[in-house]
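Participant: Got a structure here, written out as structure tokens. Questions coming.
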Amino acid sequence: MNSHGIIGQEQAIELLEQAVNQNRIAPAYLLAGAAGVGRSLVARYFIELLFSVGLEPDQKVNLQKRLAAGNHPDVLWVQPTYLHQGDRITIDQALASGHKGKSPPMIRLEQVREITEFLSRSPLMASRKSSSLNRQKPCQKLPPMPS
């Protein structure tokens, strides 16, 4: 295991680290692969790399805690949602409430608008803002509605 705790993604990690070190950050990155390969972990690590440039060690620890908790004010985590009685509900909320979706969860137009609005505002704590769009985990799929 390496210092960032991600196994099997050495090439991807190296490319992202080089981009940050050379300050050649693309406007967007697509992390693709089969379920369980660590896309979300790599995304979180990359955001940590981006945000930790120039930070003191104690500030890096605070950054890591905020990212791990999913509550950094300059990061927007977006998940596919269901539409239930006019409200968007996440996969976890659907599972908890027993909601069985007729269609698969998806990123909705309102969420894209929220991303645009979020990224248009100035960052609060970091030097930039970031948004991560995640897809559902296969273990969280809901059963299809009976016909």
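Following the order of the structure tokens, first chain is A, next is B, and so on, with residues numbered from 1 inside each chain and ligands from 1 in the order they appear.
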Using only C-alpha atoms, determine which residues lie at most 8 Å from range 65-70 of chain A, disregarding the query and same-chain residues fewer than 3 positions distant; provide the list as a PyMOL selection string.
Facilitator: chain A and resi 44+48+61-62+77
Participant: I'd like the contact shell of Pro80 in chain A - 8 Å cut-off, only C-alpha atoms, skipping same-chain residues fewer than 2 positions apart - returned as a PyMOL selection string.
Facilitator: chain A and resi 78+82+90-91+105-108+134-136
Participant: For the residues in the current selection, export N, CA and C atoms as a short mmCIF file (atom, residue, chain, number, x, y, z; two decimals), in the first residue's frame.
Facilitator:
data_model
loop_
_atom_site.label_atom_id
_atom_site.label_comp_id
_atom_site.auth_asym_id
_atom_site.auth_seq_id
_atom_site.Cartn_x
_atom_site.Cartn_y
_atom_site.Cartn_z
N VAL A 78 -22.19 15.14 -5.98
CA VAL A 78 -23.49 14.98 -6.62
C VAL A 78 -23.72 13.49 -6.89
N TYR A 82 -33.58 9.76 -7.32
CA TYR A 82 -34.91 9.37 -7.78
C TYR A 82 -35.81 10.59 -7.63
N THR A 90 -32.04 10.61 -2.63
CA THR A 90 -30.83 9.87 -2.98
C THR A 90 -31.10 8.38 -2.89
N ILE A 91 -30.16 7.61 -3.36
CA ILE A 91 -30.29 6.16 -3.31
C ILE A 91 -30.39 5.69 -1.87
N PRO A 105 -31.96 5.67 -10.85
CA PRO A 105 -31.60 7.01 -10.41
C PRO A 105 -30.73 7.69 -11.45
N MET A 106 -30.83 9.02 -11.53
CA MET A 106 -30.05 9.75 -12.53
C MET A 106 -29.70 11.14 -12.03
N ILE A 107 -28.69 11.73 -12.67
CA ILE A 107 -28.35 13.12 -12.41
C ILE A 107 -29.40 13.95 -13.14
N ARG A 108 -30.07 14.81 -12.44
CA ARG A 108 -31.19 15.56 -13.00
C ARG A 108 -30.78 16.96 -13.43
N ASN A 134 -21.01 11.35 -8.90
CA ASN A 134 -20.83 9.93 -8.61
C ASN A 134 -21.99 9.14 -9.14
N ARG A 135 -21.68 7.92 -9.51
CA ARG A 135 -22.79 7.06 -9.90
C ARG A 135 -23.07 6.11 -8.75
N GLN A 136 -24.21 5.44 -8.82
CA GLN A 136 -24.60 4.57 -7.72
C GLN A 136 -23.70 3.35 -7.63
#
Participant: Rounded to one decimal in Å, what is the spacing between CA of Ile13 in chain A and CA of Phe46 in chain A?
Facilitator: 8.0 Å
Participant: I'd like the contact shell of Asn21 in chain A - 10 Å cut-off, only C-alpha atoms, skipping same-chain residues fewer than 5 positions apart - returned as a list in words.
Facilitator: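 So, after excluding close chain neighbours, the residues are Leu15, Leu16, Leu49, Leu50 and Val53 of chain A.
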Participant: Go through chain A and collect every residue that DSSP, computed from the backbone, puts in strand (DSSP E); the answer should be as number ranges by chain.
Facilitator: A: 75-78, 81-84, 87-90, 130-133
Participant: If I take CA of Gly86 in chain A and CA of Ser132 in chain A, how far is one from the other in Å, to one decimal?
Facilitator: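 Computing it gives 24.2 Å between the two atoms.
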Participant: Do you know which residues are at most 12 Å from Leu124 in chain A counting only C-alpha atoms, after dropping those on the same chain fewer than 2 positions away, and could you put them as a VMD selection string?
Facilitator: chain A and resid 51 72 to 75 118 to 119 121 to 122 126 to 130
Participant: List the neighbours of Ala32 in chain A out to 12 Å using only C-alpha atoms; skip same-chain residues closer than 2 positions along the sequence, and give me the result as a PyMOL selection string.
Facilitator: chain A and resi 9+12+29-30+34-40+42-43+133-135
Participant: From a DSSP pass on the backbone, collect the residues of chain A flagged as alpha helix (DSSP H) and hand them back as a PDB file with N, CA and C atoms, in the first residue's frame.
Facilitator:
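File produced: out_10.pdb:
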ATOM      1  N   GLU A  10      -1.923   3.201  -9.603  1.00  0.00           N
ATOM      2  CA  GLU A  10      -0.663   3.944  -9.587  1.00  0.00           C
ATOM      3  C   GLU A  10      -0.521   4.889 -10.775  1.00  0.00           C
ATOM      4  N   GLN A  11      -0.875   4.432 -11.966  1.00  0.00           N
ATOM      5  CA  GLN A  11      -0.726   5.273 -13.154  1.00  0.00           C
ATOM      6  C   GLN A  11      -1.654   6.489 -13.092  1.00  0.00           C
ATOM      7  N   ALA A  12      -2.889   6.264 -12.696  1.00  0.00           N
ATOM      8  CA  ALA A  12      -3.840   7.372 -12.592  1.00  0.00           C
ATOM      9  C   ALA A  12      -3.375   8.369 -11.535  1.00  0.00           C
ATOM     10  N   ILE A  13      -2.937   7.863 -10.394  1.00  0.00           N
ATOM     11  CA  ILE A  13      -2.458   8.736  -9.313  1.00  0.00           C
ATOM     12  C   ILE A  13      -1.247   9.533  -9.787  1.00  0.00           C
ATOM     13  N   GLU A  14      -0.323   8.876 -10.469  1.00  0.00           N
ATOM     14  CA  GLU A  14       0.872   9.569 -10.954  1.00  0.00           C
ATOM     15  C   GLU A  14       0.516  10.688 -11.932  1.00  0.00           C
ATOM     16  N   LEU A  15      -0.407  10.419 -12.842  1.00  0.00           N
ATOM     17  CA  LEU A  15      -0.823  11.444 -13.809  1.00  0.00           C
ATOM     18  C   LEU A  15      -1.476  12.637 -13.110  1.00  0.00           C
ATOM     19  N   LEU A  16      -2.324  12.369 -12.133  1.00  0.00           N
ATOM     20  CA  LEU A  16      -2.989  13.451 -11.410  1.00  0.00           C
ATOM     21  C   LEU A  16      -1.993  14.247 -10.576  1.00  0.00           C
ATOM     22  N   GLU A  17      -1.060  13.561  -9.927  1.00  0.00           N
ATOM     23  CA  GLU A  17      -0.024  14.258  -9.150  1.00  0.00           C
ATOM     24  C   GLU A  17       0.838  15.137 -10.046  1.00  0.00           C
ATOM     25  N   GLN A  18       1.193  14.631 -11.228  1.00  0.00           N
ATOM     26  CA  GLN A  18       1.982  15.436 -12.168  1.00  0.00           C
ATOM     27  C   GLN A  18       1.209  16.676 -12.605  1.00  0.00           C
ATOM     28  N   ALA A  19      -0.084  16.520 -12.865  1.00  0.00           N
ATOM     29  CA  ALA A  19      -0.907  17.667 -13.270  1.00  0.00           C
ATOM     30  C   ALA A  19      -0.893  18.742 -12.193  1.00  0.00           C
ATOM     31  N   VAL A  20      -1.020  18.329 -10.936  1.00  0.00           N
ATOM     32  CA  VAL A  20      -1.018  19.297  -9.836  1.00  0.00           C
ATOM     33  C   VAL A  20       0.366  19.912  -9.675  1.00  0.00           C
ATOM     34  N   ASN A  21       1.411  19.084  -9.693  1.00  0.00           N
ATOM     35  CA  ASN A  21       2.775  19.586  -9.508  1.00  0.00           C
ATOM     36  C   ASN A  21       3.185  20.563 -10.602  1.00  0.00           C
ATOM     37  N   ARG A  39     -12.830   4.715  -8.131  1.00  0.00           N
ATOM     38  CA  ARG A  39     -13.031   6.022  -8.767  1.00  0.00           C
ATOM     39  C   ARG A  39     -13.260   7.107  -7.723  1.00  0.00           C
ATOM     40  N   SER A  40     -14.128   6.849  -6.763  1.00  0.00           N
ATOM     41  CA  SER A  40     -14.429   7.862  -5.740  1.00  0.00           C
ATOM     42  C   SER A  40     -13.221   8.151  -4.863  1.00  0.00           C
ATOM     43  N   LEU A  41     -12.455   7.120  -4.530  1.00  0.00           N
ATOM     44  CA  LEU A  41     -11.246   7.329  -3.732  1.00  0.00           C
ATOM     45  C   LEU A  41     -10.233   8.184  -4.481  1.00  0.00           C
ATOM     46  N   VAL A  42     -10.064   7.893  -5.767  1.00  0.00           N
ATOM     47  CA  VAL A  42      -9.123   8.670  -6.580  1.00  0.00           C
ATOM     48  C   VAL A  42      -9.619  10.107  -6.709  1.00  0.00           C
ATOM     49  N   ALA A  43     -10.926  10.297  -6.889  1.00  0.00           N
ATOM     50  CA  ALA A  43     -11.478  11.655  -6.986  1.00  0.00           C
ATOM     51  C   ALA A  43     -11.230  12.422  -5.691  1.00  0.00           C
ATOM     52  N   ARG A  44     -11.482  11.779  -4.548  1.00  0.00           N
ATOM     53  CA  ARG A  44     -11.265  12.445  -3.259  1.00  0.00           C
ATOM     54  C   ARG A  44      -9.782  12.770  -3.071  1.00  0.00           C
ATOM     55  N   TYR A  45      -8.898  11.854  -3.462  1.00  0.00           N
ATOM     56  CA  TYR A  45      -7.461  12.095  -3.348  1.00  0.00           C
ATOM     57  C   TYR A  45      -7.043  13.261  -4.245  1.00  0.00           C
ATOM     58  N   PHE A  46      -7.582  13.300  -5.456  1.00  0.00           N
ATOM     59  CA  PHE A  46      -7.236  14.380  -6.388  1.00  0.00           C
ATOM     60  C   PHE A  46      -7.695  15.735  -5.845  1.00  0.00           C
ATOM     61  N   ILE A  47      -8.898  15.788  -5.291  1.00  0.00           N
ATOM     62  CA  ILE A  47      -9.384  17.037  -4.702  1.00  0.00           C
ATOM     63  C   ILE A  47      -8.484  17.431  -3.536  1.00  0.00           C
ATOM     64  N   GLU A  48      -8.081  16.452  -2.749  1.00  0.00           N
ATOM     65  CA  GLU A  48      -7.165  16.738  -1.643  1.00  0.00           C
ATOM     66  C   GLU A  48      -5.848  17.305  -2.163  1.00  0.00           C
ATOM     67  N   LEU A  49      -5.328  16.731  -3.240  1.00  0.00           N
ATOM     68  CA  LEU A  49      -4.106  17.261  -3.851  1.00  0.00           C
ATOM     69  C   LEU A  49      -4.293  18.704  -4.295  1.00  0.00           C
ATOM     70  N   LEU A  50      -5.384  18.962  -5.000  1.00  0.00           N
ATOM     71  CA  LEU A  50      -5.653  20.313  -5.499  1.00  0.00           C
ATOM     72  C   LEU A  50      -5.754  21.329  -4.368  1.00  0.00           C
ATOM     73  N   PHE A  51      -6.455  20.957  -3.320  1.00  0.00           N
ATOM     74  CA  PHE A  51      -6.728  21.886  -2.235  1.00  0.00           C
ATOM     75  C   PHE A  51      -5.572  22.034  -1.259  1.00  0.00           C
ATOM     76  N   SER A  52      -4.651  21.080  -1.229  1.00  0.00           N
ATOM     77  CA  SER A  52      -3.587  21.118  -0.225  1.00  0.00           C
ATOM     78  C   SER A  52      -2.344  21.863  -0.681  1.00  0.00           C
ATOM     79  N   PRO A  57       0.888  21.780   7.499  1.00  0.00           N
ATOM     80  CA  PRO A  57       0.482  20.416   7.894  1.00  0.00           C
ATOM     81  C   PRO A  57      -0.820  20.351   8.698  1.00  0.00           C
ATOM     82  N   ASP A  58      -1.030  21.276   9.637  1.00  0.00           N
ATOM     83  CA  ASP A  58      -2.265  21.236  10.421  1.00  0.00           C
ATOM     84  C   ASP A  58      -3.484  21.586   9.568  1.00  0.00           C
ATOM     85  N   GLN A  59      -3.284  22.450   8.573  1.00  0.00           N
ATOM     86  CA  GLN A  59      -4.383  22.774   7.658  1.00  0.00           C
ATOM     87  C   GLN A  59      -4.706  21.578   6.764  1.00  0.00           C
ATOM     88  N   LYS A  60      -3.685  20.796   6.389  1.00  0.00           N
ATOM     89  CA  LYS A  60      -3.909  19.597   5.575  1.00  0.00           C
ATOM     90  C   LYS A  60      -4.731  18.564   6.341  1.00  0.00           C
ATOM     91  N   VAL A  61      -4.457  18.436   7.644  1.00  0.00           N
ATOM     92  CA  VAL A  61      -5.221  17.494   8.467  1.00  0.00           C
ATOM     93  C   VAL A  61      -6.685  17.921   8.505  1.00  0.00           C
ATOM     94  N   ASN A  62      -6.947  19.213   8.677  1.00  0.00           N
ATOM     95  CA  ASN A  62      -8.317  19.730   8.679  1.00  0.00           C
ATOM     96  C   ASN A  62      -8.985  19.475   7.321  1.00  0.00           C
ATOM     97  N   LEU A  63      -8.241  19.692   6.246  1.00  0.00           N
ATOM     98  CA  LEU A  63      -8.754  19.436   4.899  1.00  0.00           C
ATOM     99  C   LEU A  63      -9.140  17.970   4.743  1.00  0.00           C
ATOM    100  N   GLN A  64      -8.266  17.061   5.171  1.00  0.00           N
ATOM    101  CA  GLN A  64      -8.543  15.628   5.058  1.00  0.00           C
ATOM    102  C   GLN A  64      -9.782  15.237   5.846  1.00  0.00           C
ATOM    103  N   LYS A  65      -9.935  15.805   7.037  1.00  0.00           N
ATOM    104  CA  LYS A  65     -11.119  15.507   7.854  1.00  0.00           C
ATOM    105  C   LYS A  65     -12.389  15.984   7.169  1.00  0.00           C
ATOM    106  N   ARG A  66     -12.349  17.196   6.625  1.00  0.00           N
ATOM    107  CA  ARG A  66     -13.535  17.734   5.949  1.00  0.00           C
ATOM    108  C   ARG A  66     -13.894  16.923   4.706  1.00  0.00           C
ATOM    109  N   LEU A  67     -12.881  16.538   3.929  1.00  0.00           N
ATOM    110  CA  LEU A  67     -13.154  15.744   2.740  1.00  0.00           C
ATOM    111  C   LEU A  67     -13.691  14.364   3.114  1.00  0.00           C
ATOM    112  N   ALA A  68     -13.120  13.749   4.139  1.00  0.00           N
ATOM    113  CA  ALA A  68     -13.588  12.430   4.571  1.00  0.00           C
ATOM    114  C   ALA A  68     -15.034  12.493   5.059  1.00  0.00           C
ATOM    115  N   ALA A  69     -15.385  13.591   5.711  1.00  0.00           N
ATOM    116  CA  ALA A  69     -16.755  13.760   6.203  1.00  0.00           C
ATOM    117  C   ALA A  69     -17.714  14.216   5.100  1.00  0.00           C
ATOM    118  N   ILE A  91     -30.163   7.615  -3.361  1.00  0.00           N
ATOM    119  CA  ILE A  91     -30.286   6.161  -3.311  1.00  0.00           C
ATOM    120  C   ILE A  91     -30.392   5.693  -1.867  1.00  0.00           C
ATOM    121  N   ASP A  92     -29.561   6.261  -0.995  1.00  0.00           N
ATOM    122  CA  ASP A  92     -29.595   5.879   0.418  1.00  0.00           C
ATOM    123  C   ASP A  92     -30.941   6.200   1.051  1.00  0.00           C
ATOM    124  N   GLN A  93     -31.501   7.366   0.739  1.00  0.00           N
ATOM    125  CA  GLN A  93     -32.812   7.735   1.266  1.00  0.00           C
ATOM    126  C   GLN A  93     -33.887   6.791   0.731  1.00  0.00           C
ATOM    127  N   ALA A  94     -33.774   6.406  -0.530  1.00  0.00           N
ATOM    128  CA  ALA A  94     -34.747   5.486  -1.125  1.00  0.00           C
ATOM    129  C   ALA A  94     -34.684   4.126  -0.447  1.00  0.00           C
ATOM    130  N   LEU A  95     -33.483   3.656  -0.179  1.00  0.00           N
ATOM    131  CA  LEU A  95     -33.337   2.374   0.498  1.00  0.00           C
ATOM    132  C   LEU A  95     -33.897   2.434   1.913  1.00  0.00           C
ATOM    133  N   ALA A  96     -33.633   3.526   2.619  1.00  0.00           N
ATOM    134  CA  ALA A  96     -34.100   3.670   3.995  1.00  0.00           C
ATOM    135  C   ALA A  96     -35.627   3.756   4.079  1.00  0.00           C
ATOM    136  N   SER A  97     -36.228   4.407   3.090  1.00  0.00           N
ATOM    137  CA  SER A  97     -37.683   4.589   3.129  1.00  0.00           C
ATOM    138  C   SER A  97     -38.446   3.476   2.418  1.00  0.00           C
ATOM    139  N   LEU A 109     -31.556  17.557 -14.299  1.00  0.00           N
ATOM    140  CA  LEU A 109     -31.274  18.888 -14.814  1.00  0.00           C
ATOM    141  C   LEU A 109     -31.107  19.899 -13.678  1.00  0.00           C
ATOM    142  N   GLU A 110     -31.936  19.798 -12.645  1.00  0.00           N
ATOM    143  CA  GLU A 110     -31.808  20.717 -11.516  1.00  0.00           C
ATOM    144  C   GLU A 110     -30.443  20.591 -10.854  1.00  0.00           C
ATOM    145  N   GLN A 111     -29.925  19.364 -10.801  1.00  0.00           N
ATOM    146  CA  GLN A 111     -28.611  19.151 -10.197  1.00  0.00           C
ATOM    147  C   GLN A 111     -27.513  19.783 -11.047  1.00  0.00           C
ATOM    148  N   VAL A 112     -27.647  19.706 -12.359  1.00  0.00           N
ATOM    149  CA  VAL A 112     -26.678  20.347 -13.246  1.00  0.00           C
ATOM    150  C   VAL A 112     -26.716  21.859 -13.041  1.00  0.00           C
ATOM    151  N   ARG A 113     -27.900  22.410 -12.877  1.00  0.00           N
ATOM    152  CA  ARG A 113     -28.023  23.847 -12.592  1.00  0.00           C
ATOM    153  C   ARG A 113     -27.366  24.194 -11.253  1.00  0.00           C
ATOM    154  N   GLU A 114     -27.552  23.337 -10.262  1.00  0.00           N
ATOM    155  CA  GLU A 114     -26.923  23.566  -8.958  1.00  0.00           C
ATOM    156  C   GLU A 114     -25.403  23.525  -9.068  1.00  0.00           C
ATOM    157  N   ILE A 115     -24.876  22.630  -9.879  1.00  0.00           N
ATOM    158  CA  ILE A 115     -23.429  22.550 -10.090  1.00  0.00           C
ATOM    159  C   ILE A 115     -22.935  23.851 -10.714  1.00  0.00           C
ATOM    160  N   THR A 116     -23.635  24.331 -11.738  1.00  0.00           N
ATOM    161  CA  THR A 116     -23.248  25.570 -12.407  1.00  0.00           C
ATOM    162  C   THR A 116     -23.257  26.737 -11.433  1.00  0.00           C
ATOM    163  N   GLU A 117     -24.306  26.821 -10.625  1.00  0.00           N
ATOM    164  CA  GLU A 117     -24.393  27.896  -9.635  1.00  0.00           C
ATOM    165  C   GLU A 117     -23.283  27.774  -8.594  1.00  0.00           C
ATOM    166  N   PHE A 118     -23.040  26.567  -8.106  1.00  0.00           N
ATOM    167  CA  PHE A 118     -21.997  26.332  -7.099  1.00  0.00           C
ATOM    168  C   PHE A 118     -20.621  26.735  -7.630  1.00  0.00           C
ATOM    169  N   LEU A 119     -20.308  26.314  -8.850  1.00  0.00           N
ATOM    170  CA  LEU A 119     -18.980  26.603  -9.404  1.00  0.00           C
ATOM    171  C   LEU A 119     -18.812  28.071  -9.792  1.00  0.00           C
ATOM    172  N   SER A 120     -19.912  28.797  -9.949  1.00  0.00           N
ATOM    173  CA  SER A 120     -19.807  30.209 -10.332  1.00  0.00           C
ATOM    174  C   SER A 120     -19.457  31.112  -9.146  1.00  0.00           C
TER     175      SER A 120
END
